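Structure data follow from data-v3.csv (CSV, C-alpha atoms):
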```csv
chain,number,residue,atom,x,y,z
E,1282,MET,CA,-32.2,16.8,10.9
E,1283,THR,CA,-34.5,14.5,12.8
E,1284,ALA,CA,-33.5,13.3,16.3
E,1285,ALA,CA,-32.5,9.9,15.0
E,1286,SER,CA,-31.1,10.8,11.5
E,1287,TYR,CA,-27.8,9.6,10.2
E,1288,ILE,CA,-24.8,11.2,8.5
E,1289,ALA,CA,-21.9,9.5,6.8
E,1290,ALA,CA,-18.4,10.2,5.5
E,1291,ILE,CA,-16.3,8.3,2.9
E,1292,ASP,CA,-12.6,9.1,3.0
E,1293,MET,CA,-11.0,8.1,-0.3
E,1294,GLY,CA,-7.4,8.0,0.7
E,1295,SER,CA,-4.4,7.1,-1.4
E,1296,ASN,CA,-4.0,3.7,0.2
E,1297,SER,CA,-7.3,2.9,2.0
E,1298,PHE,CA,-11.0,3.9,1.8
E,1299,HIS,CA,-12.8,4.5,5.0
E,1300,LEU,CA,-16.6,4.6,5.7
E,1301,LEU,CA,-18.0,6.1,8.9
E,1302,ILE,CA,-21.7,6.4,9.7
E,1303,GLY,CA,-22.8,8.5,12.6
E,1304,GLN,CA,-26.2,8.9,14.3
E,1305,ILE,CA,-27.3,12.4,15.1
E,1306,ARG,CA,-29.0,13.0,18.5
E,1307,HIS,CA,-29.5,16.4,20.2
E,1308,GLY,CA,-27.1,18.2,17.9
E,1309,ALA,CA,-24.2,15.7,18.4
E,1310,TRP,CA,-23.2,12.5,16.7
E,1311,ARG,CA,-22.0,9.1,17.7
E,1312,SER,CA,-20.3,6.5,15.6
E,1313,CYS,CA,-22.6,3.5,14.8
E,1314,TYR,CA,-20.7,1.9,11.9
E,1315,LYS,CA,-17.2,2.1,10.4
E,1316,THR,CA,-15.1,0.0,8.1
E,1317,GLU,CA,-12.1,0.4,5.8
E,1318,ARG,CA,-10.8,-1.3,2.7
E,1319,LYS,CA,-7.4,-1.4,1.1
E,1320,VAL,CA,-7.8,0.1,-2.4
E,1321,GLN,CA,-4.5,1.8,-3.3
E,1322,LEU,CA,-6.1,4.3,-5.5
E,1323,ALA,CA,-2.8,6.1,-6.0
E,1324,ALA,CA,-0.9,3.0,-6.9
E,1325,GLY,CA,1.0,3.3,-10.2
E,1326,ASN,CA,-0.2,6.8,-10.9
E,1327,SER,CA,2.9,7.8,-12.9
E,1328,GLY,CA,2.5,10.9,-15.0
E,1329,GLY,CA,-0.3,12.2,-12.8
E,1330,PHE,CA,-3.0,9.8,-14.1
E,1331,LEU,CA,-5.1,7.4,-12.0
E,1332,GLN,CA,-4.6,3.9,-13.4
E,1333,ALA,CA,-7.6,2.0,-14.8
E,1334,ASP,CA,-7.2,-0.9,-12.4
E,1335,ALA,CA,-7.0,1.4,-9.4
E,1336,GLN,CA,-10.2,3.1,-10.5
E,1337,MET,CA,-11.9,-0.3,-10.9
E,1338,ARG,CA,-10.8,-1.3,-7.3
E,1339,ALA,CA,-12.1,2.0,-6.0
E,1340,LEU,CA,-15.5,1.8,-7.7
E,1341,ALA,CA,-15.9,-1.8,-6.5
E,1342,CYS,CA,-15.2,-0.7,-3.0
E,1343,LEU,CA,-17.7,2.2,-3.3
E,1344,ALA,CA,-20.3,-0.1,-4.7
E,1345,GLU,CA,-19.9,-2.2,-1.5
E,1346,PHE,CA,-20.1,0.9,0.6
E,1347,LYS,CA,-23.3,1.8,-1.2
E,1348,GLN,CA,-24.9,-1.5,-0.1
E,1349,ILE,CA,-24.0,-0.7,3.5
E,1350,LEU,CA,-25.3,2.9,3.3
E,1351,GLY,CA,-28.6,1.6,2.0
E,1352,GLY,CA,-29.4,0.3,5.5
E,1353,TYR,CA,-29.0,3.8,7.0
E,1354,ASP,CA,-30.0,6.3,4.3
E,1355,PRO,CA,-27.7,9.0,5.7
E,1356,MET,CA,-28.4,12.7,5.0
E,1357,PRO,CA,-25.9,14.1,4.2
E,1358,LEU,CA,-23.3,11.8,2.7
E,1359,HIS,CA,-19.9,13.4,2.4
E,1360,ILE,CA,-17.2,12.0,0.1
E,1361,VAL,CA,-13.7,13.4,0.5
E,1362,ALA,CA,-10.6,12.7,-1.5
E,1363,THR,CA,-7.1,13.8,-0.4
E,1364,ALA,CA,-3.7,13.3,-2.0
E,1365,SER,CA,-5.2,10.4,-3.9
E,1366,LEU,CA,-6.8,12.8,-6.4
E,1367,ARG,CA,-5.0,16.1,-5.9
E,1368,GLY,CA,-3.3,17.0,-9.2
E,1369,MET,CA,-4.5,13.9,-11.0
E,1370,ALA,CA,-5.3,14.8,-14.6
E,1371,ASN,CA,-8.2,12.4,-14.8
E,1372,ALA,CA,-9.6,13.1,-11.4
E,1373,ALA,CA,-12.7,14.9,-12.8
E,1374,SER,CA,-13.8,11.9,-14.9
E,1375,PHE,CA,-13.3,9.6,-12.0
E,1376,CYS,CA,-15.3,11.8,-9.7
E,1377,ARG,CA,-18.1,11.8,-12.2
E,1378,GLN,CA,-18.2,8.0,-12.0
E,1379,VAL,CA,-18.3,8.2,-8.2
E,1380,GLN,CA,-21.2,10.7,-8.4
E,1381,SER,CA,-23.1,8.5,-10.8
E,1382,LEU,CA,-22.7,5.6,-8.4
E,1383,LEU,CA,-23.4,7.3,-5.1
E,1384,GLY,CA,-25.2,10.5,-6.1
E,1385,VAL,CA,-22.6,12.7,-4.5
E,1386,MET,CA,-19.7,14.6,-6.1
E,1387,PRO,CA,-16.5,14.0,-4.1
E,1388,GLU,CA,-14.8,16.9,-2.5
E,1389,ILE,CA,-11.1,17.0,-3.3
E,1390,VAL,CA,-9.7,18.7,-0.2
E,1391,SER,CA,-6.4,20.7,-0.2
E,1392,GLY,CA,-3.6,19.6,2.0
E,1393,GLU,CA,-4.5,22.6,4.2
E,1394,LEU,CA,-8.0,21.5,4.7
E,1395,GLU,CA,-7.0,17.9,5.2
E,1396,ALA,CA,-4.8,18.9,8.1
E,1397,GLU,CA,-7.6,20.9,9.6
E,1398,LEU,CA,-10.1,18.1,9.4
E,1399,VAL,CA,-7.6,15.5,10.8
E,1400,TYR,CA,-7.0,17.8,13.8
E,1401,LEU,CA,-10.8,18.3,14.2
E,1402,GLY,CA,-11.4,14.6,14.2
E,1403,VAL,CA,-8.6,13.7,16.7
E,1404,GLY,CA,-8.3,16.9,18.7
E,1405,ASN,CA,-12.0,16.9,19.6
E,1406,GLU,CA,-11.5,14.1,22.1
E,1407,ALA,CA,-8.4,15.7,23.7
E,1408,GLY,CA,-8.1,17.8,26.8
E,1409,ASP,CA,-7.0,21.5,27.0
E,1410,GLY,CA,-3.3,20.9,26.6
E,1411,ALA,CA,-1.0,21.6,23.6
E,1412,GLN,CA,-0.7,18.7,21.2
E,1413,LEU,CA,0.6,17.8,17.8
E,1414,VAL,CA,-1.6,15.6,15.7
E,1415,VAL,CA,0.1,13.5,13.0
E,1416,ASP,CA,-1.6,11.6,10.1
E,1417,ILE,CA,0.7,9.6,7.9
E,1418,GLY,CA,-1.3,8.6,4.8
E,1419,GLY,CA,-0.5,6.9,1.5
E,1420,GLY,CA,0.3,10.1,-0.3
E,1421,SER,CA,0.9,12.8,2.3
E,1422,THR,CA,1.5,13.4,6.0
E,1423,GLU,CA,-0.5,16.0,7.9
E,1424,LEU,CA,1.0,17.8,10.9
E,1425,ALA,CA,-1.4,19.9,13.0
E,1426,PHE,CA,-0.6,21.8,16.2
E,1427,GLY,CA,-3.1,23.2,18.6
E,1428,HIS,CA,-4.6,23.3,22.1
E,1429,GLY,CA,-7.4,20.8,22.9
E,1430,PRO,CA,-10.0,20.8,20.0
E,1431,ARG,CA,-8.6,24.1,18.5
E,1432,MET,CA,-5.9,23.9,15.9
E,1433,ALA,CA,-3.4,26.8,15.7
E,1434,ARG,CA,-1.0,25.8,12.9
E,1435,GLY,CA,-0.7,23.0,10.4
E,1436,ARG,CA,1.4,21.7,7.6
E,1437,SER,CA,0.8,19.1,4.8
E,1438,VAL,CA,3.9,17.4,3.6
E,1439,GLY,CA,4.2,15.2,0.5
E,1440,VAL,CA,5.5,12.1,2.3
E,1441,GLY,CA,3.3,9.0,2.3
E,1442,CYS,CA,3.8,5.2,2.7
E,1443,LEU,CA,2.5,4.4,-0.8
E,1444,SER,CA,4.3,7.2,-2.6
E,1445,TYR,CA,7.6,6.4,-0.8
E,1446,LEU,CA,7.6,2.9,-2.3
E,1447,ARG,CA,9.6,4.6,-5.0
E,1448,TYR,CA,12.6,4.4,-2.7
E,1449,PHE,CA,12.3,0.6,-2.8
E,1450,PRO,CA,12.7,0.0,-6.5
E,1451,GLU,CA,11.1,-3.3,-7.8
E,1452,GLY,CA,10.2,-4.1,-4.2
E,1453,ARG,CA,13.9,-4.4,-3.1
E,1454,LEU,CA,14.4,-3.8,0.7
E,1455,GLY,CA,18.1,-3.1,1.5
E,1456,ARG,CA,19.7,-0.9,4.1
E,1457,ALA,CA,20.5,1.7,1.4
E,1458,ASP,CA,16.9,1.7,0.2
E,1459,PHE,CA,15.5,2.2,3.7
E,1460,ASN,CA,18.0,4.9,4.5
E,1461,ALA,CA,17.2,6.8,1.3
E,1462,ALA,CA,13.5,6.9,2.3
E,1463,LEU,CA,14.4,7.8,5.8
E,1464,GLY,CA,16.7,10.7,4.7
E,1465,ALA,CA,14.2,12.1,2.2
E,1466,ALA,CA,11.3,12.1,4.8
E,1467,ARG,CA,13.5,13.6,7.5
E,1468,VAL,CA,14.4,16.6,5.3
E,1469,GLU,CA,10.7,17.3,4.7
E,1470,PHE,CA,9.8,16.9,8.3
E,1471,GLU,CA,12.7,19.1,9.5
E,1472,ARG,CA,11.5,21.9,7.2
E,1473,ALA,CA,7.9,21.5,8.5
E,1474,ALA,CA,9.0,21.4,12.1
E,1475,ALA,CA,10.9,24.7,11.8
E,1476,GLU,CA,7.8,26.4,10.4
E,1477,LEU,CA,5.5,24.9,13.0
E,1478,ALA,CA,7.7,26.2,15.9
E,1479,LEU,CA,6.5,23.6,18.3
E,1480,PRO,CA,6.9,24.3,22.1
E,1481,PRO,CA,9.2,21.9,23.9
E,1482,GLY,CA,7.6,18.8,25.4
E,1483,VAL,CA,4.4,19.0,23.3
E,1484,ALA,CA,2.2,15.8,23.4
E,1485,VAL,CA,2.1,14.0,20.1
E,1486,VAL,CA,-1.0,12.0,19.0
E,1487,GLY,CA,-0.8,9.9,15.8
E,1488,CYS,CA,-3.6,8.5,13.7
E,1489,SER,CA,-3.9,6.6,10.4
E,1490,GLY,CA,-3.3,3.0,9.4
E,1491,THR,CA,0.4,3.3,9.2
E,1492,LEU,CA,0.8,4.4,12.8
E,1493,LEU,CA,-1.8,2.0,14.1
E,1494,ALA,CA,0.1,-0.8,12.3
E,1495,VAL,CA,3.4,0.2,13.8
E,1496,GLU,CA,1.8,0.4,17.3
E,1497,GLN,CA,0.3,-3.1,16.9
E,1498,VAL,CA,3.6,-4.6,16.0
E,1499,LEU,CA,5.3,-2.9,18.9
E,1500,ILE,CA,2.5,-4.1,21.3
E,1501,ALA,CA,3.0,-7.6,20.0
E,1502,ARG,CA,6.7,-7.4,20.6
E,1503,ARG,CA,6.4,-5.9,24.1
E,1504,GLY,CA,3.4,-7.9,25.1
E,1505,HIS,CA,1.8,-4.8,26.7
E,1506,SER,CA,1.7,-1.0,26.6
E,1507,ALA,CA,0.1,1.0,23.9
E,1508,GLY,CA,1.9,3.9,22.1
E,1509,ILE,CA,5.0,4.3,20.0
E,1510,TYR,CA,8.4,4.9,21.6
E,1511,ARG,CA,11.6,6.0,19.7
E,1512,ASP,CA,13.9,3.3,21.2
E,1513,ASP,CA,11.4,0.6,20.2
E,1514,LEU,CA,11.3,2.0,16.7
E,1515,ARG,CA,15.0,1.7,16.4
E,1516,HIS,CA,15.0,-1.9,17.5
E,1517,LEU,CA,12.2,-2.6,15.0
E,1518,VAL,CA,14.2,-1.0,12.2
E,1519,ALA,CA,17.2,-3.2,13.0
E,1520,ASP,CA,15.1,-6.3,12.8
E,1521,LEU,CA,13.6,-5.1,9.5
E,1522,GLN,CA,17.1,-5.7,7.9
E,1523,SER,CA,16.5,-9.4,7.9
E,1524,PHE,CA,14.0,-9.0,5.0
E,1525,THR,CA,15.1,-8.4,1.4
E,1526,ARG,CA,11.7,-7.7,-0.2
E,1527,VAL,CA,9.1,-5.3,0.9
E,1528,GLU,CA,6.3,-7.8,0.3
E,1529,SER,CA,8.0,-10.4,2.5
E,1530,VAL,CA,8.0,-8.2,5.7
E,1531,PHE,CA,6.3,-10.1,8.5
E,1532,PHE,CA,6.0,-9.3,12.2
E,1533,ALA,CA,3.5,-10.5,14.8
E,1534,GLY,CA,0.7,-8.0,14.9
E,1535,LEU,CA,1.2,-6.7,11.4
E,1536,PRO,CA,-2.0,-7.0,9.2
E,1537,GLU,CA,-1.4,-8.9,5.9
E,1538,ASP,CA,-2.6,-6.0,3.8
E,1539,ARG,CA,0.0,-3.7,5.4
E,1540,GLN,CA,3.0,-5.9,4.7
E,1541,SER,CA,4.1,-4.4,1.4
E,1542,ILE,CA,4.0,-0.8,2.7
E,1543,PHE,CA,5.3,-1.4,6.2
E,1544,ALA,CA,9.0,-0.7,5.4
E,1545,SER,CA,8.2,2.7,3.7
E,1546,GLY,CA,5.8,3.5,6.6
E,1547,LEU,CA,8.4,2.6,9.2
E,1548,ALA,CA,11.0,4.8,7.5
E,1549,ILE,CA,8.6,7.7,7.6
E,1550,VAL,CA,7.7,7.2,11.2
E,1551,LEU,CA,11.3,7.0,12.3
E,1552,ALA,CA,12.1,10.1,10.3
E,1553,LEU,CA,9.3,12.0,12.0
E,1554,PHE,CA,10.5,11.0,15.5
E,1555,GLU,CA,14.1,12.0,14.6
E,1556,ALA,CA,13.2,15.3,12.9
E,1557,LEU,CA,10.8,16.5,15.6
E,1558,ASN,CA,12.7,14.9,18.5
E,1559,ILE,CA,9.8,12.9,19.6
E,1560,ASP,CA,10.3,10.3,22.3
E,1561,GLU,CA,6.8,8.9,22.5
E,1562,MET,CA,3.5,9.1,20.6
E,1563,ALA,CA,0.0,8.1,21.6
E,1564,VAL,CA,-2.1,6.7,18.8
E,1565,SER,CA,-5.8,7.4,18.2
E,1566,GLU,CA,-8.2,5.4,16.1
E,1567,ARG,CA,-10.0,8.7,15.1
E,1568,GLY,CA,-9.0,10.7,12.1
E,1569,LEU,CA,-10.1,12.5,8.9
E,1570,ARG,CA,-13.5,10.8,8.7
E,1571,GLU,CA,-14.4,11.9,12.2
E,1572,GLY,CA,-13.3,15.4,11.3
E,1573,ILE,CA,-15.6,15.4,8.3
E,1574,LEU,CA,-18.6,14.5,10.5
E,1575,GLU,CA,-17.6,17.1,13.1
E,1576,ARG,CA,-17.4,19.7,10.4
E,1577,SER,CA,-20.9,18.7,9.1
E,1578,VAL,CA,-22.4,18.9,12.6
E,1579,ASN,CA,-20.7,22.2,13.4
E,1580,ALA,CA,-22.4,23.5,10.2
E,1581,GLY,CA,-19.8,26.0,9.1
E,1582,VAL,CA,-18.0,26.6,12.4
E,1583,VAL,CA,-14.9,25.2,10.9
E,1584,SER,CA,-13.2,27.6,8.4
E,1585,THR,CA,-9.8,27.4,6.8
E,1586,ALA,CA,-9.8,31.2,7.0
E,1587,SER,CA,-9.7,31.1,10.8
E,1588,VAL,CA,-6.4,29.2,11.2
E,1589,GLU,CA,-2.8,29.7,10.2
E,1590,ILE,CA,-1.9,26.9,7.8
E,1591,LYS,CA,0.5,26.4,4.9
E,1592,HIS,CA,0.9,23.6,2.5
E,1593,LYS,CA,4.3,22.0,1.7
E,1594,GLY,CA,5.7,19.3,-0.5
E,1595,GLU,CA,2.6,18.4,-2.5
```
Exercise: express the given structure as structure tokens:
Amino acid sequence: MTAASYIAAIDMGSNSFHLLIGQIRHGAWRSCYKTERKVQLAAGNSGGFLQADAQMRALACLAEFKQILGGYDPMPLHIVATASLRGMANAASFCRQVQSLLGVMPEIVSGELEAELVYLGVGNEAGDGAQLVVDIGGGSTELAFGHGPRMARGRSVGVGCLSYLRYFPEGRLGRADFNAALGAARVEFERAAAELALPPGVAVVGCSGTLLAVEQVLIARRGHSAGIYRDDLRHLVADLQSFTRVESVFFAGLPEDRQSIFASGLAIVLALFEALNIDEMAVSERGLREGILERSVNAGVVSTASVEIKHKGE
């Protein structure tokens, strides 16, 4: 690579697509452009098929990203898909359309590798202490434990804010619906927690749009103080009961494009706190896309064979 070359990553998530462009200098990279779009590629994928309208939204978003990328000419461009495409019967045909548009065949990463990349993206900015990194996506949740930038153990759980809309049939938001989502997620997280064998008092760092949205709502309610705290979550859940439809949920600080999936996301976050006995969580704006660029710059240093990781619930 030249001293001023660019690399880029597109993360095609179940709910949102992310674009990150980094500039390479002296063997390291720094972020110079990033954006995201709500696409909901996994919406309505009953029977294991991507829906035609979801594919159209995705390709329109990628066409927009292509225009942005034209101003940087990144080499290489990495395109990664996660739970959005894992197990989809028509994933191959969709990926060929993406390749035709952008010239790159998407990499459909396993839950195992997704957890590793998330940890690499978030853990790289951490100190030397033990930490648990959590990414709640649209189709799955990744849990990765390690020390500083090095992951030791990870789990990928089939719990996501988009897929868990199934617990709110026809958009209904009642106490029983919320509790059903909460209970189902808690069972999955309790199983994962037992396998991770986390040390007591481990620091927890969250990333992803779901956790950032919850944090922003809580900041707006408190008027200060970043982070997510269990007591605040419980008060927020109590106030959620005033809404009867998922699309009608409104809180100060909540982005409009997050309204319809906020109830399912909040149920998942509270289930995580209860199952893992978390009192507080810091939230990072870094995530999978940063991990993709770290992997690229490290040129093969990252290897799934070098860590202990299992995949659950996908």
Atom pair atom CA of Ala1507 of chain E / atom CA of Phe1543 of chain E: separation (Å): 18.6 Å
Of the listed residues E:Ala1370, E:Leu1350, E:Met1356, E:Val1361, that which approaches Leu1331 of chain E most closely, counting all atoms listed in the file: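 Counting all atoms listed in the file, the residue closest to Leu1331 of chain E is E:Ala1370.
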Need the shell around segment 1474-1476 of chain E: protein/DNA/RNA residues with any atom at most 10 Å away, counting all atoms listed in the file. Skip same-chain ones fewer than 2 positions apart. Format as a PDB file with C-alpha atoms, in the coordinates of the input?
```pdb
ATOM      1  CA  LEU E1424       1.000  17.800  10.900  1.00  0.00           C
ATOM      2  CA  ARG E1434      -1.000  25.800  12.900  1.00  0.00           C
ATOM      3  CA  GLY E1435      -0.700  23.000  10.400  1.00  0.00           C
ATOM      4  CA  ARG E1436       1.400  21.700   7.600  1.00  0.00           C
ATOM      5  CA  VAL E1468      14.400  16.600   5.300  1.00  0.00           C
ATOM      6  CA  GLU E1469      10.700  17.300   4.700  1.00  0.00           C
ATOM      7  CA  PHE E1470       9.800  16.900   8.300  1.00  0.00           C
ATOM      8  CA  GLU E1471      12.700  19.100   9.500  1.00  0.00           C
ATOM      9  CA  ARG E1472      11.500  21.900   7.200  1.00  0.00           C
ATOM     10  CA  ALA E1478       7.700  26.200  15.900  1.00  0.00           C
ATOM     11  CA  LEU E1479       6.500  23.600  18.300  1.00  0.00           C
ATOM     12  CA  LEU E1553       9.300  12.000  12.000  1.00  0.00           C
ATOM     13  CA  ALA E1556      13.200  15.300  12.900  1.00  0.00           C
ATOM     14  CA  LEU E1557      10.800  16.500  15.600  1.00  0.00           C
ATOM     15  CA  ASN E1558      12.700  14.900  18.500  1.00  0.00           C
ATOM     16  CA  LYS E1591       0.500  26.400   4.900  1.00  0.00           C
TER      17      LYS E1591
END
```
Of the listed residues E:Leu1454, E:Ile1573, E:Ala1484, E:Ala1411, that which approaches Ile1559 of chain E most closely, counting all atoms listed in the file: E:Ala1484
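Distances here use all atoms listed in the file; by that measure, the residue among E:Ala1544, E:Val1485, E:Asp1354, E:Gly1427 closest to Leu1446 of chain E is E:Ala1544.
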Residue with smallest distance to Val1320 of chain E - pool E:Phe1298, E:Phe1531, E:Phe1375, E:Phe1554, counting all atoms listed in the file: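 That would be E:Phe1298, the residue with the smallest distance to Val1320 of chain E.
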Just want the 8 Å neighbourhood of segment 1309-1314 of chain E, counted on all atoms listed in the file, with same-chain residues fewer than 5 positions away dropped. Output as a PDB file with C-alpha atoms, keeping the file's coordinate frame.
```pdb
ATOM      1  CA  LEU E1300     -16.600   4.600   5.700  1.00  0.00           C
ATOM      2  CA  LEU E1301     -18.000   6.100   8.900  1.00  0.00           C
ATOM      3  CA  ILE E1302     -21.700   6.400   9.700  1.00  0.00           C
ATOM      4  CA  GLY E1303     -22.800   8.500  12.600  1.00  0.00           C
ATOM      5  CA  GLN E1304     -26.200   8.900  14.300  1.00  0.00           C
ATOM      6  CA  LEU E1574     -18.600  14.500  10.500  1.00  0.00           C
ATOM      7  CA  VAL E1578     -22.400  18.900  12.600  1.00  0.00           C
TER       8      VAL E1578
END
```
Coordinates-based distance that separates atom CA of Leu1499 of chain E from atom CA of Val1403 of chain E (Å, one decimal):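 Computing the Euclidean distance for atom CA of Val1403 of chain E and atom CA of Leu1499 of chain E yields 21.8 Å.
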E:Leu1343, E:Gln1380, E:Thr1491, E:Phe1330 ranked by distance to Thr1316 of chain E, top pick (using all atoms listed in the file):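 The shortest atom-to-atom distance to Thr1316 of chain E comes from E:Leu1343.
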Length of the atom CA of Leu1383 of chain E to atom CA of Ile1288 of chain E vector [Å]: 14.2 Å
Counting all atoms listed in the file, the residue of E:Glu1555, E:Asp1538, E:Glu1395, E:Glu1571 that sits nearest His1299 of chain E: E:Glu1571
Shell of 8 Å around segment 1332-1339 of chain E, all atoms listed in the file, local chain residues under 6 positions omitted, as a list of chain:residue names: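 After dropping sequence-adjacent residues, the list is E:Val1320, E:Gln1321, E:Leu1322, E:Ala1323, E:Ala1324, E:Gly1325, E:Asn1326, E:Phe1375.
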Protein and nucleic acid residues near (-5.1, 6.9, 17.6) (cut-off 10 Å, only C-alpha atoms) as a PyMOL selection string: chain E and resi 1403+1414-1416+1486-1490+1492-1493+1496+1508+1562-1568
Skip Ser1529 of chain E itself and residues of its chain fewer than 2 positions away, then list as an mmCIF file with C-alpha atoms, in the coordinates of the input all residues within 10 Å of it, counting only C-alpha atoms.
```
data_model
loop_
_atom_site.group_PDB
_atom_site.id
_atom_site.type_symbol
_atom_site.label_atom_id
_atom_site.label_comp_id
_atom_site.auth_asym_id
_atom_site.auth_seq_id
_atom_site.Cartn_x
_atom_site.Cartn_y
_atom_site.Cartn_z
ATOM 1 C CA GLY E 1452 10.200 -4.100 -4.200
ATOM 2 C CA LEU E 1454 14.400 -3.800 0.700
ATOM 3 C CA PHE E 1524 14.000 -9.000 5.000
ATOM 4 C CA THR E 1525 15.100 -8.400 1.400
ATOM 5 C CA ARG E 1526 11.700 -7.700 -0.200
ATOM 6 C CA VAL E 1527 9.100 -5.300 0.900
ATOM 7 C CA PHE E 1531 6.300 -10.100 8.500
ATOM 8 C CA PHE E 1532 6.000 -9.300 12.200
ATOM 9 C CA GLN E 1540 3.000 -5.900 4.700
ATOM 10 C CA SER E 1541 4.100 -4.400 1.400
#
```
Got a sec to write segment 1371-1387 of chain E of the block to a file, N, CA, C and O atoms, as a PDB file, in the first residue's frame?
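Written output follows (result31.pdb):
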```pdb
ATOM      1  N   ASN E1371     -31.388 -17.854  -0.868  1.00  0.00           N
ATOM      2  CA  ASN E1371     -31.051 -17.068  -2.053  1.00  0.00           C
ATOM      3  C   ASN E1371     -29.906 -16.087  -1.796  1.00  0.00           C
ATOM      4  O   ASN E1371     -29.763 -15.087  -2.508  1.00  0.00           O
ATOM      5  N   ALA E1372     -29.080 -16.372  -0.781  1.00  0.00           N
ATOM      6  CA  ALA E1372     -27.954 -15.497  -0.463  1.00  0.00           C
ATOM      7  C   ALA E1372     -26.952 -15.424  -1.610  1.00  0.00           C
ATOM      8  O   ALA E1372     -26.415 -14.358  -1.919  1.00  0.00           O
ATOM      9  N   ALA E1373     -26.697 -16.558  -2.271  1.00  0.00           N
ATOM     10  CA  ALA E1373     -25.693 -16.582  -3.335  1.00  0.00           C
ATOM     11  C   ALA E1373     -26.082 -15.681  -4.498  1.00  0.00           C
ATOM     12  O   ALA E1373     -25.253 -14.928  -5.030  1.00  0.00           O
ATOM     13  N   SER E1374     -27.353 -15.722  -4.889  1.00  0.00           N
ATOM     14  CA  SER E1374     -27.788 -14.880  -6.008  1.00  0.00           C
ATOM     15  C   SER E1374     -27.728 -13.401  -5.638  1.00  0.00           C
ATOM     16  O   SER E1374     -27.353 -12.555  -6.464  1.00  0.00           O
ATOM     17  N   PHE E1375     -28.066 -13.075  -4.390  1.00  0.00           N
ATOM     18  CA  PHE E1375     -27.965 -11.683  -3.943  1.00  0.00           C
ATOM     19  C   PHE E1375     -26.509 -11.238  -3.932  1.00  0.00           C
ATOM     20  O   PHE E1375     -26.190 -10.129  -4.369  1.00  0.00           O
ATOM     21  N   CYS E1376     -25.620 -12.084  -3.447  1.00  0.00           N
ATOM     22  CA  CYS E1376     -24.194 -11.733  -3.401  1.00  0.00           C
ATOM     23  C   CYS E1376     -23.639 -11.498  -4.800  1.00  0.00           C
ATOM     24  O   CYS E1376     -22.776 -10.629  -4.994  1.00  0.00           O
ATOM     25  N   ARG E1377     -24.124 -12.238  -5.782  1.00  0.00           N
ATOM     26  CA  ARG E1377     -23.660 -12.009  -7.155  1.00  0.00           C
ATOM     27  C   ARG E1377     -24.106 -10.634  -7.652  1.00  0.00           C
ATOM     28  O   ARG E1377     -23.376  -9.959  -8.401  1.00  0.00           O
ATOM     29  N   GLN E1378     -25.289 -10.199  -7.232  1.00  0.00           N
ATOM     30  CA  GLN E1378     -25.740  -8.853  -7.602  1.00  0.00           C
ATOM     31  C   GLN E1378     -24.857  -7.790  -6.956  1.00  0.00           C
ATOM     32  O   GLN E1378     -24.527  -6.777  -7.582  1.00  0.00           O
ATOM     33  N   VAL E1379     -24.465  -8.032  -5.710  1.00  0.00           N
ATOM     34  CA  VAL E1379     -23.570  -7.099  -5.019  1.00  0.00           C
ATOM     35  C   VAL E1379     -22.217  -7.055  -5.728  1.00  0.00           C
ATOM     36  O   VAL E1379     -21.639  -5.983  -5.943  1.00  0.00           O
ATOM     37  N   GLN E1380     -21.711  -8.223  -6.108  1.00  0.00           N
ATOM     38  CA  GLN E1380     -20.427  -8.278  -6.814  1.00  0.00           C
ATOM     39  C   GLN E1380     -20.509  -7.541  -8.146  1.00  0.00           C
ATOM     40  O   GLN E1380     -19.570  -6.824  -8.537  1.00  0.00           O
ATOM     41  N   SER E1381     -21.605  -7.701  -8.850  1.00  0.00           N
ATOM     42  CA  SER E1381     -21.777  -7.005 -10.118  1.00  0.00           C
ATOM     43  C   SER E1381     -21.776  -5.491  -9.932  1.00  0.00           C
ATOM     44  O   SER E1381     -21.248  -4.743 -10.765  1.00  0.00           O
ATOM     45  N   LEU E1382     -22.346  -5.034  -8.831  1.00  0.00           N
ATOM     46  CA  LEU E1382     -22.442  -3.599  -8.563  1.00  0.00           C
ATOM     47  C   LEU E1382     -21.120  -3.007  -8.086  1.00  0.00           C
ATOM     48  O   LEU E1382     -20.699  -1.937  -8.547  1.00  0.00           O
ATOM     49  N   LEU E1383     -20.452  -3.710  -7.150  1.00  0.00           N
ATOM     50  CA  LEU E1383     -19.276  -3.139  -6.489  1.00  0.00           C
ATOM     51  C   LEU E1383     -17.960  -3.805  -6.868  1.00  0.00           C
ATOM     52  O   LEU E1383     -16.901  -3.337  -6.463  1.00  0.00           O
ATOM     53  N   GLY E1384     -18.040  -4.917  -7.599  1.00  0.00           N
ATOM     54  CA  GLY E1384     -16.807  -5.578  -8.009  1.00  0.00           C
ATOM     55  C   GLY E1384     -16.173  -6.438  -6.946  1.00  0.00           C
ATOM     56  O   GLY E1384     -15.041  -6.906  -7.108  1.00  0.00           O
ATOM     57  N   VAL E1385     -16.880  -6.661  -5.843  1.00  0.00           N
ATOM     58  CA  VAL E1385     -16.353  -7.457  -4.730  1.00  0.00           C
ATOM     59  C   VAL E1385     -17.421  -8.448  -4.282  1.00  0.00           C
ATOM     60  O   VAL E1385     -18.582  -8.066  -4.092  1.00  0.00           O
ATOM     61  N   MET E1386     -17.042  -9.708  -4.129  1.00  0.00           N
ATOM     62  CA  MET E1386     -17.972 -10.708  -3.611  1.00  0.00           C
ATOM     63  C   MET E1386     -18.043 -10.590  -2.092  1.00  0.00           C
ATOM     64  O   MET E1386     -17.019 -10.627  -1.413  1.00  0.00           O
ATOM     65  N   PRO E1387     -19.238 -10.415  -1.540  1.00  0.00           N
ATOM     66  CA  PRO E1387     -19.354 -10.323  -0.082  1.00  0.00           C
ATOM     67  C   PRO E1387     -18.868 -11.585   0.618  1.00  0.00           C
ATOM     68  O   PRO E1387     -19.000 -12.696   0.097  1.00  0.00           O
TER      69      PRO E1387
END
```
